[in-house]
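This report refers to the structure that appears directly beneath it.
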Amino acid sequence: MNVSTASTLVCLVLLFPLIGAALNGFLGPVLGRRFVNIAGTVSIFASFVVSCLVLANVAGAPAGQGAITVRLWDWINLGGGTNLSVGMDFTLDALSALMLMVITGVGFLIHVYSVGYMEHDEGFARFFSYMNFFIFSMLTLVLAADLVILIIGWALVALSSYLLIGFWHDRPAAVAAARKAFITQVIGDVALVIAAFLIVLNTHTLSLPNIFARTQAFPAGGALVTGVCVLLAIGAFAKSAQFPLHTWLPDAMEGLTPVSALIHAATMVTAGVYLIARFHVLFNLAPVAEGMVACVGMGTAVMAGIIALSQIDIKRVIAYSTMSQIGLMIYAVGIGAYSAGMFHFAMHAVFKALLFMAAGNVIHALHDEQDIRLMGGLHSRMRWTHLAFGAGSLALGGFFLFSGWFSKEDLLGFGTVSGPGPAPWILYAVGVGVNVLTGLYAFRLYFTVFQGEPQTARGFGVKESGYPMLIPVVILGALSVVVAWPLQFPLPNTVHVFSDFLAPVFAGPQSPLLHDPSFGLALVGLVIGTAASLIGIGLAMRLWYEHRPDPQVVLSRLPRVVPLLSYNKFYFDEIYDRALVQPVKAVARTARRVVEPDVMDGWVEGIGELLRGFSLDLRLVQTGLIRDYASIFTVFAVVLVVVWVVIAR
Amino acid sequence: MLNPNLFPYLLGLSAFLFTVGATGVLIRRNPIVVFMCIELMLNAANVALVAYGRFLNSEEGQIFAFMVIVVAAAEVVVGLALITQIFRLGRELDVDDLSEMKE
Amino acid sequence: MTVLFAVVIALAGVSSLGVVLSRQTIYSALSLVVTVSMLAVLFLLLNAQFLFAVQLIIYAGAVMVLFVFIVALLSPDAEDRPALDVRALIGILGVIVVTGLVFVAARNGITYNTNGFHATAVGSASNPYHTFNFPQDAVNNAGNVQTVAGQLFTNYLLPFEITSMLLLVAAIGAVYLTRRSSR
């Protein structure tokens with residue numbers, strides 16, 4: 001692929017969503033619903049086509065020439081001598097091609113879904129404008145080859161998520177959720193920017209390829225690179241809703257379902273995973289940071305799994321499921337299994353978006369009912385949605401031969417060889433436990449929503465959704481079954497198309513890449529993992545489908561702590577409120593009551609008083625008597641003479 | 001011809017006359033007397049001018065002093081006319097009383 | 001010669017004090033006449049004959065007469081005790097400080113050179129008063145009035161004409177200012 005092709009492709013893939021956003025934003029309300037629907041979806045489809053071209057170019061390039069970084073134009077040119085010029089640099093390599101395909105492909109299907117979803121909403125133009133703008137921001141983020149452009153994309157993504165979560169801005173809950181999301185992500189932004197400062201300080205360049213080439217600036221394992229990686233990780237955690245910056249994701253479910261599908265399943269929350277993968281060169285130099293990342297990832301995975309078991313809002317269950325799965329991805333990139341993590345990202349994007357959209361169908365059909373205790377019996381009444389949801393759940397639960405199985409087992413397989421000592425084995429064991437949990441909560445959801453009998457009168461009269469909302473769901477449902485088959489099999493020396501595709505990105509002189517586990521070890525791991533998933537699914541089936549034993553009985557047998565912690569999301573919101581929010585509010589209150597009137601106003605008025613007093617005193621000079629004025633003249637004349645004579649000496 | 005050591009005394013006289021006139025402006029209350037003290041100051045300036053002119057061997061000193069005298073004369077005319085008018089208006093001839101410049 | 005100077009200077013000083021310190025207005029005026037006349041004599045002694053004449057004619061003869069007339073007209077027996085308050089202190093201080101400084105400065109030969117101020121000790125080689133070579137006094141030998149007039153009507157014509165204008169304006173102004181306002 002030569003420079004001009006690359007430049008064209010990059011331009012096009014970024015331009016289409018941007019134009020779509022502008023058109024819909026400015027002309028949408030004028031030109032009507034049909035125009036907006038077409039413009040919004042076609043722009044993303046066009047980007048998808050370009051992404052396919054990029055993929056073809058990257059995959060078809062001769063070995064070693066798959067990656068290319070193009071500079072579209074110089075943005076900030078600081079002149080000769082400095083390396084701090086910012087150019088519009090974009091990289092096209094296997095990693096960015098993968099991200100492009102997922103973002104634009106799944107994004108396109110979600111846009112089609114939104115056409116149906118927004119049928120009765122007045123703000124459709126604004127919605128599609130924001131969605132297109134989000135796609136644009138996300139693409140900027142993943143294609144960026146310059147630190148500044150990366151950070152800009154990062155921030156624009158946060159902005160888009162704020163706009164989209166708070167789309168129904170007359171709903172206080174939505175607005176609060178949008179604000180919470182944005183503020184939490186700002187914490188990550190700060191960490192990211194500080195990391196960027198440290199990087200620039202030591203490598204004297206802003207261009208990512210140059211940074212990755214100058215790793216001699218970072219002594220391996222040293223405090224500097226560990227600090228940088230920890231900061232980058234914090235940024236990733238904020239974006240990907242990992243502990244401790246995870247509290248915003250469940251609240252973000254106040255947003256529209258397509259928004260949840262796009263942002264909180266497939267794309268934005270995976271930006272953290274992408275960041276760590278992109279900066280793998282640095283992370284490879286900081287094993288301590290990597291270890292921390294792996295621990296946080298797995299910890300979040302298990303915590304989210306536990307919480308998901310007790311939630312009653314259908315979207316929140318899926319949200320915690322997302323948090324858990326991303327925890328697994330973070331764990332994967334933490335132990336160095338970058339392509340396994342990206343593989344799970346791709347599979348997860350497919351089935352999670354599917355689950356969200358199907359949930360949206362259900363909610364819509366039940367006239368905005370989101371409590372799963374009031375659902376049931378939909379398997380016969382919403383056939384296609386039911387089938388797709390089932391497929392997605394099987395993929396999520398890691399059932400044999402569904403897409404999620406391939407990716408999760410691949411991931412866990414690397415867990416067996418992730419390093420010396422007991423710690424990696426503990427994490428691996430927890431990962432297997434997460435498999436059980438995943439099966440449990442996924443199928444709790446499925447059985448409660450679709451099986452059994454309808455719990456409300458409304459449930460008896462549901463109808464299947466219209467085409468725009470149905471077709472993307474079905475397509476993704478089909479994909480979640482088959483898409484992994486040609487790509488990757490979790491045993492060595494079998495199908496490895498995916499990891500081979502990504503290998504050039506993660507290869508290099510500095511990477512102690514995890515080698516594949518040996519065949520025997522991998523097989524054992526595969527069996528254990530699959531067994532765990534099946535146990536989870538089976539347990540769910542017994543509890544929530546066959547109702548033996550009755551889930552309530554089981555619950556009462558558990559120590560009281562467990563359900564309480566689970567239902568209350570481990571009390572994180574309350575802890576943060578007490579520890580962070582209340583003190584800040586108290587400071588603000590003090591400022592308003594004490595500082596503002598006494599200190600600030602005191603100063604301002606004090607200065608006024610001072611001047612007033614001064615001027616009153618000065619006024620006394622103006623006596624009106626000529627003799628007084630003459631005295632002043634005389635005094636100064638004498639002074640002048642004295643000065644003159646003294647100087648002349 | 002002329003003892004050069006005289007020069008400091010001439011300048012001293014000029015300074016003396018000037019400052020005495022200034023003191024007069026400060027402490028006298030009758031405007032006419034104030035005017036006279038102003039004339040005293042002008043004369044002091046003339047003394048200095050002529051002294052310099054003499055010792056620098058230039059006639060410019062005298063010329064300048066001449067101009068000063070002319071200006072002083074003109075100023076006296078106008079000033080005394082004003083004082084006359086003030087008197088005619090029945091006001092006190094006291095500079096402290098004529099303090100319209102207050103504030 | 002020096003004695004003459006001393007007498008004239010002393011008398012001028014004393015009469016100036018009389019101007020300022022006299023209680024009666026008329027005495028101040030008369031003291032001023034004495035001062036002005038002493039200064040005229042001083043000018044004569046300094047070889048400024050033209051100015052001597054001008055001073056006597058205009059200053060002593062016209063300006064002071066005007067003053068005396070006004071005093072007589074307005075308040076012949078006016079009494080004006082000089083106020084001795086803080087302003088008087090300023091004045092006295094000023095007299096002492098400035099006179100002393102100027103005298104001392106002149107003694108140490110502050111030059112009138114435009115190259116800057118330098119102080120040199122009296123009697124030193126660079127003291128202008130000792131080394132200044134008074135050339136053939138062209139100013140004085142050629143007759144004072146002639147020399148002055150020569151400059152006045154050529155190089156200084158413009159100031160001359162303007163001061164004439166000034167006198168005219170002053171005269172008109174005085175006439176205007178003293179109109180009876182009842183007209």
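We label chains A, B, ... in the order they appear in the structure tokens, count residues from 1 in each chain, and number ligands from 1 in the order shown.
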Using 12 Å as the limit and counting only C-alpha atoms, can you tabulate each residue of chain B that touches chain A, with its shortest atom-to-atom distance in Å and the two atoms involved, as a Markdown table?
| residue | atom | partner | partner_atom | distance |
| --- | --- | --- | --- | --- |
| B:Ala15 | CA | A:Val641 | CA | 10.5 |
| B:Phe18 | CA | A:Thr634 | CA | 10.7 |
| B:Thr19 | CA | A:Thr634 | CA | 8.6 |
| B:Val20 | CA | A:Thr634 | CA | 11.1 |
| B:Gly21 | CA | A:Thr634 | CA | 10.7 |
| B:Ala22 | CA | A:Thr634 | CA | 7.0 |
| B:Thr23 | CA | A:Thr634 | CA | 8.5 |
| B:Gly24 | CA | A:Arg627 | CA | 9.9 |
| B:Val25 | CA | A:Arg627 | CA | 7.0 |
| B:Leu26 | CA | A:Arg627 | CA | 5.2 |
| B:Ile27 | CA | A:Arg627 | CA | 7.3 |
| B:Arg28 | CA | A:Arg627 | CA | 8.5 |
| B:Arg29 | CA | A:Arg627 | CA | 8.4 |
| B:Asn30 | CA | A:Arg627 | CA | 11.2 |
| B:Pro31 | CA | A:Ile626 | CA | 10.2 |
| B:Val34 | CA | A:Arg627 | CA | 9.7 |
| B:Ile38 | CA | A:Ala630 | CA | 11.5 |
| B:Asp94 | CA | A:Leu625 | CA | 10.3 |
| B:Val95 | CA | A:Ile626 | CA | 6.6 |
| B:Asp96 | CA | A:Leu625 | CA | 5.5 |
| B:Asp97 | CA | A:Leu625 | CA | 8.0 |
| B:Leu98 | CA | A:Leu625 | CA | 7.5 |
| B:Ser99 | CA | A:Gly624 | CA | 4.6 |
| B:Glu100 | CA | A:Gly624 | CA | 6.1 |
| B:Met101 | CA | A:Gly624 | CA | 4.5 |
| B:Lys102 | CA | A:Gly624 | CA | 3.6 |
| B:Glu103 | CA | A:Gln622 | CA | 5.3 |
If we count only C-alpha atoms and set the cut-off at 7 Å, which residues sit around B:Ala81, ignoring sequence neighbours fewer than 5 positions away in its own chain? Please answer as an MDAnalysis selection string. chainID C and resid 174 177:178
Limited to C-alpha atoms, could you put the picked residues into a file as an mmCIF file, in the first residue's frame?
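Done, and the output landed in out-v5.cif:
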data_model
loop_
_atom_site.group_PDB
_atom_site.id
_atom_site.type_symbol
_atom_site.label_atom_id
_atom_site.label_comp_id
_atom_site.auth_asym_id
_atom_site.auth_seq_id
_atom_site.Cartn_x
_atom_site.Cartn_y
_atom_site.Cartn_z
ATOM 1 C CA ALA C 174 -6.349 96.060 31.296
ATOM 2 C CA LEU C 177 -10.984 94.348 32.584
ATOM 3 C CA THR C 178 -11.554 97.585 34.393
#
Long-range neighbours of A:Gly123 as a PyMOL selection string, 9 Å cut-off, only C-alpha atoms, 2 positions minimum in chain: chain A and resi 29+118+121+125-128+167-168
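For the pair atom CA of A:Leu224 and atom CA of A:Leu285, the interatomic distance is 10.2 Å.
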So that I can check the surroundings of A:Gly477, please list as a PyMOL selection string every protein, DNA and RNA residue that reaches within 8 Å of it, counting only C-alpha atoms and ignoring chain neighbours fewer than 3 positions away. chain A and resi 351+354+387-389+391-392+473-474+480-481
Would you save the residues from that selection as a CSV table (one decimal), in the first residue's frame, using N, CA and C atoms?
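The resulting file, result_24.csv, is reproduced below:
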chain,number,residue,atom,x,y,z
A,351,PHE,N,-21.5,-10.0,19.8
A,351,PHE,CA,-22.6,-10.5,20.5
A,351,PHE,C,-23.1,-9.5,21.6
A,354,LEU,N,-25.5,-7.1,19.8
A,354,LEU,CA,-26.6,-7.9,19.6
A,354,LEU,C,-27.5,-8.0,20.8
A,387,LEU,N,-34.4,-15.9,19.2
A,387,LEU,CA,-33.4,-16.8,18.6
A,387,LEU,C,-32.0,-16.0,18.7
A,388,ALA,N,-32.1,-14.7,18.3
A,388,ALA,CA,-30.9,-14.0,18.3
A,388,ALA,C,-30.3,-13.8,19.7
A,389,PHE,N,-31.2,-13.5,20.6
A,389,PHE,CA,-30.8,-13.3,22.0
A,389,PHE,C,-30.2,-14.6,22.5
A,391,ALA,N,-28.7,-16.9,20.7
A,391,ALA,CA,-27.4,-17.1,20.2
A,391,ALA,C,-26.4,-16.2,20.9
A,392,GLY,N,-26.8,-15.0,21.1
A,392,GLY,CA,-25.8,-14.1,21.8
A,392,GLY,C,-25.5,-14.6,23.2
A,473,VAL,N,-30.3,-7.2,14.4
A,473,VAL,CA,-30.3,-8.1,15.5
A,473,VAL,C,-30.0,-9.5,14.9
A,474,VAL,N,-30.8,-9.9,13.9
A,474,VAL,CA,-30.7,-11.2,13.3
A,474,VAL,C,-29.3,-11.4,12.7
A,480,SER,N,-22.7,-14.0,15.5
A,480,SER,CA,-22.2,-14.5,16.7
A,480,SER,C,-22.0,-16.0,16.8
A,481,VAL,N,-22.6,-16.7,15.9
A,481,VAL,CA,-22.4,-18.1,15.8
A,481,VAL,C,-21.2,-18.4,15.0
Taking only C-alpha atoms into account, name the residue in C:Val3, C:Val148, C:Leu157, C:Val104 that is nearest to chain A.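 Of all the options, C:Val104 lies closest to chain A.
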C:Arg179, C:Arg81, C:Arg87, C:Arg107: which is nearest C:Ser28, counting only C-alpha atoms?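 Closest residue, counting only C-alpha atoms: C:Arg81.
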Using only C-alpha atoms, which residues sit within 8 Å of A:Val175 once same-chain residues fewer than 6 positions away are excluded, as an MDAnalysis selection string? chainID A and resid 165:166 168:169
Any idea what's packed within 9 Å of A:Lys315, counting only C-alpha atoms, ignoring anything in its chain fewer than 6 positions away? Could you give it as a list in words?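 Counting only C-alpha atoms, the residues come to Pro250, Met253, Thr257, Ser260, Phe356, Ala359, Gly360 and Gln370 of chain A.
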With N, CA and C atoms retained, write the just-selected residues as a PDB file, in the first residue's frame.
ATOM      1  N   PRO A 250     -22.940   1.506  34.642  1.00  0.00           N
ATOM      2  CA  PRO A 250     -24.341   1.128  34.851  1.00  0.00           C
ATOM      3  C   PRO A 250     -25.280   2.325  34.751  1.00  0.00           C
ATOM      4  N   MET A 253     -26.695   3.482  31.405  1.00  0.00           N
ATOM      5  CA  MET A 253     -27.810   2.782  30.771  1.00  0.00           C
ATOM      6  C   MET A 253     -29.048   3.642  30.693  1.00  0.00           C
ATOM      7  N   THR A 257     -31.012   2.838  23.994  1.00  0.00           N
ATOM      8  CA  THR A 257     -30.442   1.514  23.781  1.00  0.00           C
ATOM      9  C   THR A 257     -29.416   1.481  22.652  1.00  0.00           C
ATOM     10  N   SER A 260     -26.274   2.568  24.105  1.00  0.00           N
ATOM     11  CA  SER A 260     -25.646   1.537  24.926  1.00  0.00           C
ATOM     12  C   SER A 260     -24.988   0.485  24.053  1.00  0.00           C
ATOM     13  N   PHE A 356     -27.674  -6.071  23.420  1.00  0.00           N
ATOM     14  CA  PHE A 356     -28.282  -4.788  23.746  1.00  0.00           C
ATOM     15  C   PHE A 356     -29.444  -4.468  22.831  1.00  0.00           C
ATOM     16  N   ALA A 359     -32.319  -6.603  23.601  1.00  0.00           N
ATOM     17  CA  ALA A 359     -32.962  -6.086  24.816  1.00  0.00           C
ATOM     18  C   ALA A 359     -33.802  -4.874  24.491  1.00  0.00           C
ATOM     19  N   GLY A 360     -33.258  -4.034  23.604  1.00  0.00           N
ATOM     20  CA  GLY A 360     -34.037  -2.877  23.189  1.00  0.00           C
ATOM     21  C   GLY A 360     -35.343  -3.283  22.544  1.00  0.00           C
ATOM     22  N   GLN A 370     -38.434  -2.373  31.843  1.00  0.00           N
ATOM     23  CA  GLN A 370     -37.043  -2.836  31.912  1.00  0.00           C
ATOM     24  C   GLN A 370     -36.792  -3.789  33.070  1.00  0.00           C
TER      25      GLN A 370
END
note - atom CA of A:Ile199 and atom CA of A:Val228 are separated by 7.3 Å
Kindly give the distance, in Å, that separates atom CA of A:Ile211 and atom CA of A:Val225, rounded to a single decimal.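 Spanning atom CA of A:Ile211 to atom CA of A:Val225 is a straight-line distance of 12.4 Å.
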